[in-house]
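Chemist: Sending over a structure as C-alpha cells; questions will come in a sec.
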Amino acid sequence: MEDLERLLREHPFSKGLREDILKRIVSCARNVRFNEGEYIFREGEEADYFYLIRYGRVAIEIGVPGRPPITIQTLHDGDILGFSWLIPPYHWIFDARALELTRALALDGNCLRKKCEEDHELGYEFLKRFSYIMYKRLQATRLQLLDVYGSPKGR
Amino acid sequence: MGHPLIPAILSVGQIRRETGDVVTLTLEGYGRPFRFRPGQFNMLYLPGAGEVPISISGDPGKMDRVVHTVRMVGSVTGLIGRLKKGDPIGVRGPFGNPWPVDEARGDDILLVAGGVGLAPLRPVVYDVLSRRKDFGRFLLLYGARTPDDLLYKRELHRWRGRFDMYVDVTVDSASSTWKGNVGVVTALIERARFDPYHTTAMVCGPEVMMRFTVRALMEAGLKEEKIFLSMERNMKCAIGLCGHCQFGPYFVCKDGPVFRYDTVKELIWRKEV
C-alpha cells in the first residue's frame, strides 16, 4: 500500500492533491502492466477503471468495418486514460491498446464513485481535475477536426 | 543578388517526391555562390504561368545549389511540381527577414513545425547542427496530417538518431500500423524538456496551428519576445513595393516572413487581417 501511495503521489494527476484525499483514494488503486499489443479495454465493455499511465504508450483506437482500426490519439507517461468510468452508462466508447510495455495505476471506478458520493469535497476535486483534462482533449480534438494541414487553394 | 526584379534562370537538378503533393527540387546553375539565411524565400517563376514565393529549404552551408520544397496546390505550383530534370526555372531572391538563429546563441532552440511548415525550418536544423555547441538543447516538434504526409522522412530518422537533438513527431490520424504519436503538435510541447526562460521558439505552419502553438508555448513559460512565427501572405513583388502582402502595418515580403510574436500578436488574432 505504501508503494501504491508513493506511485500515486508521483503521478502528475495527483499534483497538489491534498494528502488526506490521496490517502482516501489509494485503497481504490492497484498496479497494472500491459505488454506491447495488449488491449487494455475494448469499446462496449464495462468501464470499471481509469488508468494513470506511469510508463509506456497507449493508442486510443476506433474500429471501422472493413478497414484496420484508426488511431485517434496516443497517450504517454503522465497521461490519464479513460473518462467513461465517470459518465453513465459506464461503458468504454473506444479501444485502448498498449503500443509498448505500459505500466499504470488502475483506479477502480465503482470504488471512486462511491467515495465521491460519500465525500463531495473529494468528488469536487476529482471533477475539477477531470474537467481540465477533458477541456484540453476537447481543444485538441477540435484542432484535429479542423484538418489544418489539408490542401489549401493557392497559386 | 542581381536586380531584385529580374530572375536568374536555373535548371532543375535532383527531384525528390516527398509526399503525394509535395516535391523537393534542387536547382543548379546559379553561376555564383547562393547565399541565404534560414527562413528566407525566393520567387520561383515559370514563363507563361506565373511566379510564386517559396521558402528555401536547403542547407545554407551548401551554396552551390538552391533547394525548394513545393506543395502543388495551385496552377503555378502544380506546374513546378511537374518539372523534369534539366527544365529551366526563374529564381528571384533571396528575400525576407530570417529566423533569429544568431540571436538565439546560448539558448535552447525549439522548432515547432506543422505540415509543409517544416520546409522553412529545415535550414535552421542544418545551421544549428553545423555549430551545435553554440546552442543549448535543440528540439524539433513536428505535426502532420497522416504518416504519409510527413516530409523529409529519412532526415527525420537521422536527426532522431543523434544524441544532441530531440525530435518528436505526431500526426492527426493514422491506421493502427503506425507506431508513432497521434494527436496535435501542441501535445508534444508538454512532453518536451527545455528551459522556458532561455528558449527561443521558431514556429511555422498553418496560422491556426501557430495560434494554438503560441498559447501552449506561453503556458509552458516562454515569453512573447522569444517566440517567432513565419507568416504567409500573397507575396508578389517581394521587395515591399506592390502591397499585395500587406499585414497590418507590415509587408510580409520585406518585414517578414519571420516575425517576433509580440510585434504581430494584435494582428494574428484579428479575423479581418
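By order in the C-alpha cells, chains are A, B, ...; within a chain, residues start at 1; ligands start at 1, following the order shown.
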Select residues of chain A: the criterion is any atom within 10 Å of an atom of chain B, counting only C-alpha atoms; output as an MDAnalysis selection string.
Modeler: chainID A and resid 57:63 67:78 97 99:100 136:137 139:155
Chemist: Can you write out the residues you just picked, keeping N, CA and C atoms, as a short mmCIF file (atom, residue, chain, number, x, y, z; two decimals), in the first residue's frame?
Modeler:
```cif
data_model
loop_
_atom_site.label_atom_id
_atom_site.label_comp_id
_atom_site.auth_asym_id
_atom_site.auth_seq_id
_atom_site.Cartn_x
_atom_site.Cartn_y
_atom_site.Cartn_z
N ARG A 57 3.23 3.71 -23.66
CA ARG A 57 2.43 4.44 -24.64
C ARG A 57 1.19 3.63 -25.00
N VAL A 58 0.07 4.33 -25.12
CA VAL A 58 -1.20 3.66 -25.37
C VAL A 58 -1.89 4.34 -26.55
N ALA A 59 -2.45 3.53 -27.46
CA ALA A 59 -3.20 4.09 -28.59
C ALA A 59 -4.69 3.97 -28.29
N ILE A 60 -5.40 5.07 -28.53
CA ILE A 60 -6.86 5.05 -28.46
C ILE A 60 -7.33 4.80 -29.89
N GLU A 61 -8.09 3.75 -30.07
CA GLU A 61 -8.46 3.35 -31.44
C GLU A 61 -9.97 3.24 -31.58
N ILE A 62 -10.39 3.39 -32.83
CA ILE A 62 -11.81 3.19 -33.12
C ILE A 62 -11.89 2.22 -34.31
N GLY A 63 -12.74 1.24 -34.17
CA GLY A 63 -12.88 0.23 -35.22
C GLY A 63 -13.76 0.75 -36.35
N ARG A 67 -12.01 -2.01 -42.47
CA ARG A 67 -10.71 -1.30 -42.50
C ARG A 67 -9.96 -1.57 -41.22
N PRO A 68 -8.65 -1.40 -41.25
CA PRO A 68 -7.93 -1.54 -39.98
C PRO A 68 -8.39 -0.45 -39.01
N PRO A 69 -8.28 -0.68 -37.71
CA PRO A 69 -8.69 0.36 -36.74
C PRO A 69 -7.91 1.66 -36.98
N ILE A 70 -8.56 2.77 -36.66
CA ILE A 70 -7.91 4.08 -36.80
C ILE A 70 -7.48 4.55 -35.41
N THR A 71 -6.22 4.99 -35.32
CA THR A 71 -5.74 5.55 -34.05
C THR A 71 -6.12 7.02 -34.01
N ILE A 72 -6.82 7.42 -32.97
CA ILE A 72 -7.23 8.84 -32.90
C ILE A 72 -6.40 9.64 -31.90
N GLN A 73 -5.68 8.93 -31.04
CA GLN A 73 -4.82 9.63 -30.09
C GLN A 73 -3.85 8.64 -29.46
N THR A 74 -2.69 9.13 -29.10
CA THR A 74 -1.79 8.29 -28.30
C THR A 74 -1.55 8.99 -26.96
N LEU A 75 -1.42 8.19 -25.94
CA LEU A 75 -1.19 8.72 -24.58
C LEU A 75 0.13 8.19 -24.06
N HIS A 76 0.72 8.92 -23.14
CA HIS A 76 2.08 8.64 -22.69
C HIS A 76 2.19 8.71 -21.18
N ASP A 77 3.42 8.50 -20.71
CA ASP A 77 3.73 8.64 -19.28
C ASP A 77 3.13 9.94 -18.76
N GLY A 78 2.48 9.86 -17.64
CA GLY A 78 1.92 11.08 -17.03
C GLY A 78 0.51 11.39 -17.48
N ARG A 97 -5.07 0.28 -26.63
CA ARG A 97 -4.10 -0.79 -26.85
C ARG A 97 -2.70 -0.29 -26.50
N LEU A 99 1.00 0.30 -26.94
CA LEU A 99 1.91 0.31 -28.09
C LEU A 99 3.28 -0.23 -27.71
N GLU A 100 3.55 -0.24 -26.43
CA GLU A 100 4.79 -0.80 -25.88
C GLU A 100 4.48 -1.22 -24.45
N LYS A 136 -8.82 20.06 -22.21
CA LYS A 136 -7.61 20.00 -23.05
C LYS A 136 -7.81 19.04 -24.22
N ARG A 137 -8.42 17.90 -23.94
CA ARG A 137 -8.63 16.92 -25.01
C ARG A 137 -9.64 17.44 -26.04
N GLN A 139 -10.12 20.60 -26.84
CA GLN A 139 -9.38 21.58 -27.65
C GLN A 139 -8.56 20.87 -28.72
N ALA A 140 -7.87 19.83 -28.28
CA ALA A 140 -7.02 19.08 -29.21
C ALA A 140 -7.86 18.44 -30.31
N THR A 141 -9.00 17.88 -29.93
CA THR A 141 -9.86 17.22 -30.91
C THR A 141 -10.38 18.24 -31.93
N ARG A 142 -10.74 19.43 -31.44
CA ARG A 142 -11.23 20.47 -32.36
C ARG A 142 -10.14 20.84 -33.37
N LEU A 143 -8.92 20.95 -32.87
CA LEU A 143 -7.82 21.30 -33.77
C LEU A 143 -7.60 20.19 -34.80
N GLN A 144 -7.70 18.95 -34.35
CA GLN A 144 -7.55 17.82 -35.28
C GLN A 144 -8.67 17.85 -36.32
N LEU A 145 -9.89 18.17 -35.87
CA LEU A 145 -11.03 18.19 -36.80
C LEU A 145 -10.91 19.28 -37.85
N LEU A 146 -10.19 20.35 -37.51
CA LEU A 146 -10.03 21.46 -38.46
C LEU A 146 -9.24 21.03 -39.69
N ASP A 147 -8.49 19.96 -39.56
CA ASP A 147 -7.67 19.46 -40.67
C ASP A 147 -6.80 20.59 -41.22
N VAL A 148 -6.08 21.26 -40.33
CA VAL A 148 -5.32 22.44 -40.73
C VAL A 148 -4.22 22.16 -41.75
N TYR A 149 -3.78 20.92 -41.82
CA TYR A 149 -2.71 20.59 -42.76
C TYR A 149 -3.25 20.17 -44.13
N GLY A 150 -4.58 20.16 -44.27
CA GLY A 150 -5.17 19.76 -45.55
C GLY A 150 -4.78 20.71 -46.65
N SER A 151 -5.06 20.32 -47.91
CA SER A 151 -4.64 21.13 -49.07
C SER A 151 -5.41 22.43 -49.17
N PRO A 152 -4.73 23.57 -49.02
CA PRO A 152 -5.41 24.84 -49.29
C PRO A 152 -5.36 25.14 -50.78
N LYS A 153 -6.21 26.07 -51.21
CA LYS A 153 -6.10 26.50 -52.60
C LYS A 153 -5.01 27.54 -52.70
N GLY A 154 -4.24 27.52 -53.73
CA GLY A 154 -3.16 28.51 -53.84
C GLY A 154 -2.72 28.68 -55.28
N ARG A 155 -1.55 29.35 -55.38
CA ARG A 155 -1.03 29.62 -56.72
C ARG A 155 -0.19 28.47 -57.24
#
```
Chemist: As number ranges by chain, please: every residue in chain A that a backbone DSSP assignment puts in strand (DSSP E or B).
Modeler: A: 29-34, 39-41, 46, 49-55, 57-64, 67-76, 80-81, 91, 95-98, 102-108
Chemist: For the residues in the current selection, export N, CA and C atoms as a compact mmCIF listing (two decimals), in the first residue's frame.
Modeler:
```txt
# COMPACT_ATOMS: atom_id res chain seq x y z
N ALA A 29 -6.78 1.92 -5.72
CA ALA A 29 -5.76 1.80 -6.78
C ALA A 29 -5.08 0.44 -6.75
N ARG A 30 -4.64 0.00 -7.94
CA ARG A 30 -3.77 -1.18 -8.00
C ARG A 30 -2.80 -0.99 -9.16
N ASN A 31 -1.70 -1.69 -9.05
CA ASN A 31 -0.66 -1.59 -10.06
C ASN A 31 -0.95 -2.54 -11.21
N VAL A 32 -0.83 -2.08 -12.44
CA VAL A 32 -1.09 -2.97 -13.59
C VAL A 32 0.00 -2.78 -14.63
N ARG A 33 0.17 -3.80 -15.49
CA ARG A 33 1.08 -3.66 -16.62
C ARG A 33 0.47 -4.35 -17.83
N PHE A 34 0.77 -3.81 -19.00
CA PHE A 34 0.25 -4.36 -20.25
C PHE A 34 1.41 -4.51 -21.21
N TYR A 39 -4.64 -5.34 -25.43
CA TYR A 39 -5.74 -4.39 -25.27
C TYR A 39 -6.00 -4.15 -23.79
N ILE A 40 -6.11 -2.88 -23.43
CA ILE A 40 -6.38 -2.50 -22.04
C ILE A 40 -7.89 -2.54 -21.80
N PHE A 41 -8.61 -2.05 -22.79
CA PHE A 41 -10.07 -2.23 -22.80
C PHE A 41 -10.56 -2.13 -24.24
N GLU A 46 -17.62 -2.82 -20.04
CA GLU A 46 -17.92 -2.01 -18.87
C GLU A 46 -16.68 -1.20 -18.44
N TYR A 49 -12.63 0.96 -14.67
CA TYR A 49 -11.39 1.59 -14.19
C TYR A 49 -11.05 2.83 -15.00
N PHE A 50 -10.20 3.66 -14.45
CA PHE A 50 -9.41 4.57 -15.29
C PHE A 50 -7.96 4.36 -14.91
N TYR A 51 -7.06 4.83 -15.77
CA TYR A 51 -5.65 4.48 -15.62
C TYR A 51 -4.78 5.74 -15.57
N LEU A 52 -3.86 5.73 -14.66
CA LEU A 52 -2.81 6.77 -14.62
C LEU A 52 -1.57 6.11 -15.22
N ILE A 53 -1.20 6.54 -16.43
CA ILE A 53 -0.07 5.89 -17.10
C ILE A 53 1.23 6.36 -16.45
N ARG A 54 2.01 5.41 -16.00
CA ARG A 54 3.29 5.74 -15.36
C ARG A 54 4.43 5.63 -16.34
N TYR A 55 4.29 4.69 -17.26
CA TYR A 55 5.37 4.41 -18.20
C TYR A 55 4.76 3.74 -19.42
N ARG A 57 3.23 3.71 -23.66
CA ARG A 57 2.43 4.44 -24.64
C ARG A 57 1.19 3.63 -25.00
N VAL A 58 0.07 4.33 -25.12
CA VAL A 58 -1.20 3.66 -25.37
C VAL A 58 -1.89 4.34 -26.55
N ALA A 59 -2.45 3.53 -27.46
CA ALA A 59 -3.20 4.09 -28.59
C ALA A 59 -4.69 3.97 -28.29
N ILE A 60 -5.40 5.07 -28.53
CA ILE A 60 -6.86 5.05 -28.46
C ILE A 60 -7.33 4.80 -29.89
N GLU A 61 -8.09 3.75 -30.07
CA GLU A 61 -8.46 3.35 -31.44
C GLU A 61 -9.97 3.24 -31.58
N ILE A 62 -10.39 3.39 -32.83
CA ILE A 62 -11.81 3.19 -33.12
C ILE A 62 -11.89 2.22 -34.31
N GLY A 63 -12.74 1.24 -34.17
CA GLY A 63 -12.88 0.23 -35.22
C GLY A 63 -13.76 0.75 -36.35
N VAL A 64 -13.34 0.50 -37.58
CA VAL A 64 -14.13 0.89 -38.75
C VAL A 64 -14.36 -0.38 -39.57
N ARG A 67 -12.01 -2.01 -42.47
CA ARG A 67 -10.71 -1.30 -42.50
C ARG A 67 -9.96 -1.57 -41.22
N PRO A 68 -8.65 -1.40 -41.25
CA PRO A 68 -7.93 -1.54 -39.98
C PRO A 68 -8.39 -0.45 -39.01
N PRO A 69 -8.28 -0.68 -37.71
CA PRO A 69 -8.69 0.36 -36.74
C PRO A 69 -7.91 1.66 -36.98
N ILE A 70 -8.56 2.77 -36.66
CA ILE A 70 -7.91 4.08 -36.80
C ILE A 70 -7.48 4.55 -35.41
N THR A 71 -6.22 4.99 -35.32
CA THR A 71 -5.74 5.55 -34.05
C THR A 71 -6.12 7.02 -34.01
N ILE A 72 -6.82 7.42 -32.97
CA ILE A 72 -7.23 8.84 -32.90
C ILE A 72 -6.40 9.64 -31.90
N GLN A 73 -5.68 8.93 -31.04
CA GLN A 73 -4.82 9.63 -30.09
C GLN A 73 -3.85 8.64 -29.46
N THR A 74 -2.69 9.13 -29.10
CA THR A 74 -1.79 8.29 -28.30
C THR A 74 -1.55 8.99 -26.96
N LEU A 75 -1.42 8.19 -25.94
CA LEU A 75 -1.19 8.72 -24.58
C LEU A 75 0.13 8.19 -24.06
N HIS A 76 0.72 8.92 -23.14
CA HIS A 76 2.08 8.64 -22.69
C HIS A 76 2.19 8.71 -21.18
N ILE A 80 -3.61 10.47 -18.46
CA ILE A 80 -4.73 9.73 -17.88
C ILE A 80 -5.49 9.03 -18.99
N LEU A 81 -5.83 7.79 -18.77
CA LEU A 81 -6.55 7.02 -19.77
C LEU A 81 -7.93 6.69 -19.23
N HIS A 91 -19.59 2.69 -19.98
CA HIS A 91 -19.07 1.74 -20.98
C HIS A 91 -18.00 2.45 -21.80
N ASP A 95 -11.40 1.66 -28.15
CA ASP A 95 -10.46 0.63 -27.71
C ASP A 95 -9.19 1.32 -27.22
N ALA A 96 -8.50 0.70 -26.29
CA ALA A 96 -7.18 1.20 -25.86
C ALA A 96 -6.19 0.05 -25.93
N ARG A 97 -5.07 0.28 -26.63
CA ARG A 97 -4.10 -0.79 -26.85
C ARG A 97 -2.70 -0.29 -26.50
N ALA A 98 -1.97 -1.10 -25.76
CA ALA A 98 -0.60 -0.70 -25.39
C ALA A 98 0.30 -0.79 -26.62
N THR A 102 3.59 -1.12 -20.99
CA THR A 102 2.99 0.03 -20.31
C THR A 102 2.69 -0.32 -18.86
N ARG A 103 3.12 0.53 -17.98
CA ARG A 103 2.83 0.36 -16.56
C ARG A 103 1.91 1.50 -16.12
N ALA A 104 0.93 1.15 -15.32
CA ALA A 104 -0.05 2.17 -14.92
C ALA A 104 -0.62 1.85 -13.55
N LEU A 105 -1.30 2.84 -12.99
CA LEU A 105 -2.11 2.59 -11.81
C LEU A 105 -3.55 2.53 -12.30
N ALA A 106 -4.25 1.45 -11.95
CA ALA A 106 -5.66 1.34 -12.31
C ALA A 106 -6.47 1.76 -11.11
N LEU A 107 -7.39 2.70 -11.32
CA LEU A 107 -8.24 3.14 -10.21
C LEU A 107 -9.66 2.63 -10.44
N ASP A 108 -10.17 1.94 -9.45
CA ASP A 108 -11.47 1.29 -9.55
C ASP A 108 -12.58 2.35 -9.59
```
Chemist: Which parts of chain A does DSSP call helix (DSSP H, G or I) when run on the backbone here, written out as number ranges by chain?
Modeler: A: 2-10, 12-14, 19-28, 109-118, 120-146
Chemist: Between CA of Leu151 (chain B) and CA of Gly39 (chain B), what distance in Å does the model show, to one decimal?
Modeler: 17.0 Å
Chemist: Show me, as a PyMOL selection string, the residues that have an atom within 10 Å of Glu5 (chain A) when counting only C-alpha atoms, minus same-chain residues fewer than 5 positions from it.
Modeler: chain A and resi 10+22-23+25-27+29-30
Chemist: Go ahead and write the residues just picked, N, CA and C atoms, as a short mmCIF file (atom, residue, chain, number, x, y, z; two decimals), in the first residue's frame.
Modeler:
```cif
data_model
loop_
_atom_site.label_atom_id
_atom_site.label_comp_id
_atom_site.auth_asym_id
_atom_site.auth_seq_id
_atom_site.Cartn_x
_atom_site.Cartn_y
_atom_site.Cartn_z
N GLU A 10 3.37 10.41 -7.06
CA GLU A 10 4.34 10.83 -8.10
C GLU A 10 3.68 11.16 -9.43
N LEU A 22 -5.63 11.99 -1.04
CA LEU A 22 -4.76 10.97 -1.64
C LEU A 22 -4.84 9.66 -0.84
N LYS A 23 -4.80 9.79 0.45
CA LYS A 23 -4.85 8.59 1.31
C LYS A 23 -6.20 7.87 1.18
N ILE A 25 -8.08 7.72 -1.54
CA ILE A 25 -8.30 7.04 -2.83
C ILE A 25 -7.30 5.92 -3.08
N VAL A 26 -6.24 5.86 -2.30
CA VAL A 26 -5.22 4.85 -2.58
C VAL A 26 -5.78 3.42 -2.46
N SER A 27 -6.81 3.28 -1.65
CA SER A 27 -7.40 1.93 -1.49
C SER A 27 -8.15 1.51 -2.75
N ALA A 29 -6.78 1.92 -5.72
CA ALA A 29 -5.76 1.80 -6.78
C ALA A 29 -5.08 0.44 -6.75
N ARG A 30 -4.64 0.00 -7.94
CA ARG A 30 -3.77 -1.18 -8.00
C ARG A 30 -2.80 -0.99 -9.16
#
```
Chemist: For Ile56 (chain B), please output as a PyMOL selection string all residues within 7 Å (counting only C-alpha atoms; exclusion window: fewer than 5 positions along the same chain).
Modeler: chain B and resi 40-42+67-68+120
Chemist: Those same residues, written as a PDB file, in the first residue's frame with N, CA and C atoms?
Modeler:
```
ATOM      1  N   GLN B  40      14.436  32.630 -45.221  1.00  0.00           N
ATOM      2  CA  GLN B  40      14.216  33.487 -46.389  1.00  0.00           C
ATOM      3  C   GLN B  40      13.535  32.700 -47.511  1.00  0.00           C
ATOM      4  N   PHE B  41      13.038  33.437 -48.496  1.00  0.00           N
ATOM      5  CA  PHE B  41      12.328  32.784 -49.600  1.00  0.00           C
ATOM      6  C   PHE B  41      12.810  33.321 -50.938  1.00  0.00           C
ATOM      7  N   ASN B  42      12.511  32.574 -51.987  1.00  0.00           N
ATOM      8  CA  ASN B  42      12.741  33.023 -53.362  1.00  0.00           C
ATOM      9  C   ASN B  42      11.413  33.129 -54.089  1.00  0.00           C
ATOM     10  N   VAL B  67      17.616  24.986 -53.027  1.00  0.00           N
ATOM     11  CA  VAL B  67      16.676  23.883 -52.775  1.00  0.00           C
ATOM     12  C   VAL B  67      15.330  24.444 -52.316  1.00  0.00           C
ATOM     13  N   HIS B  68      14.281  23.936 -52.954  1.00  0.00           N
ATOM     14  CA  HIS B  68      12.922  24.349 -52.597  1.00  0.00           C
ATOM     15  C   HIS B  68      12.030  23.139 -52.447  1.00  0.00           C
ATOM     16  N   PRO B 120      10.554  25.621 -44.315  1.00  0.00           N
ATOM     17  CA  PRO B 120      11.329  26.821 -43.960  1.00  0.00           C
ATOM     18  C   PRO B 120      12.164  26.647 -42.695  1.00  0.00           C
TER      19      PRO B 120
END
```
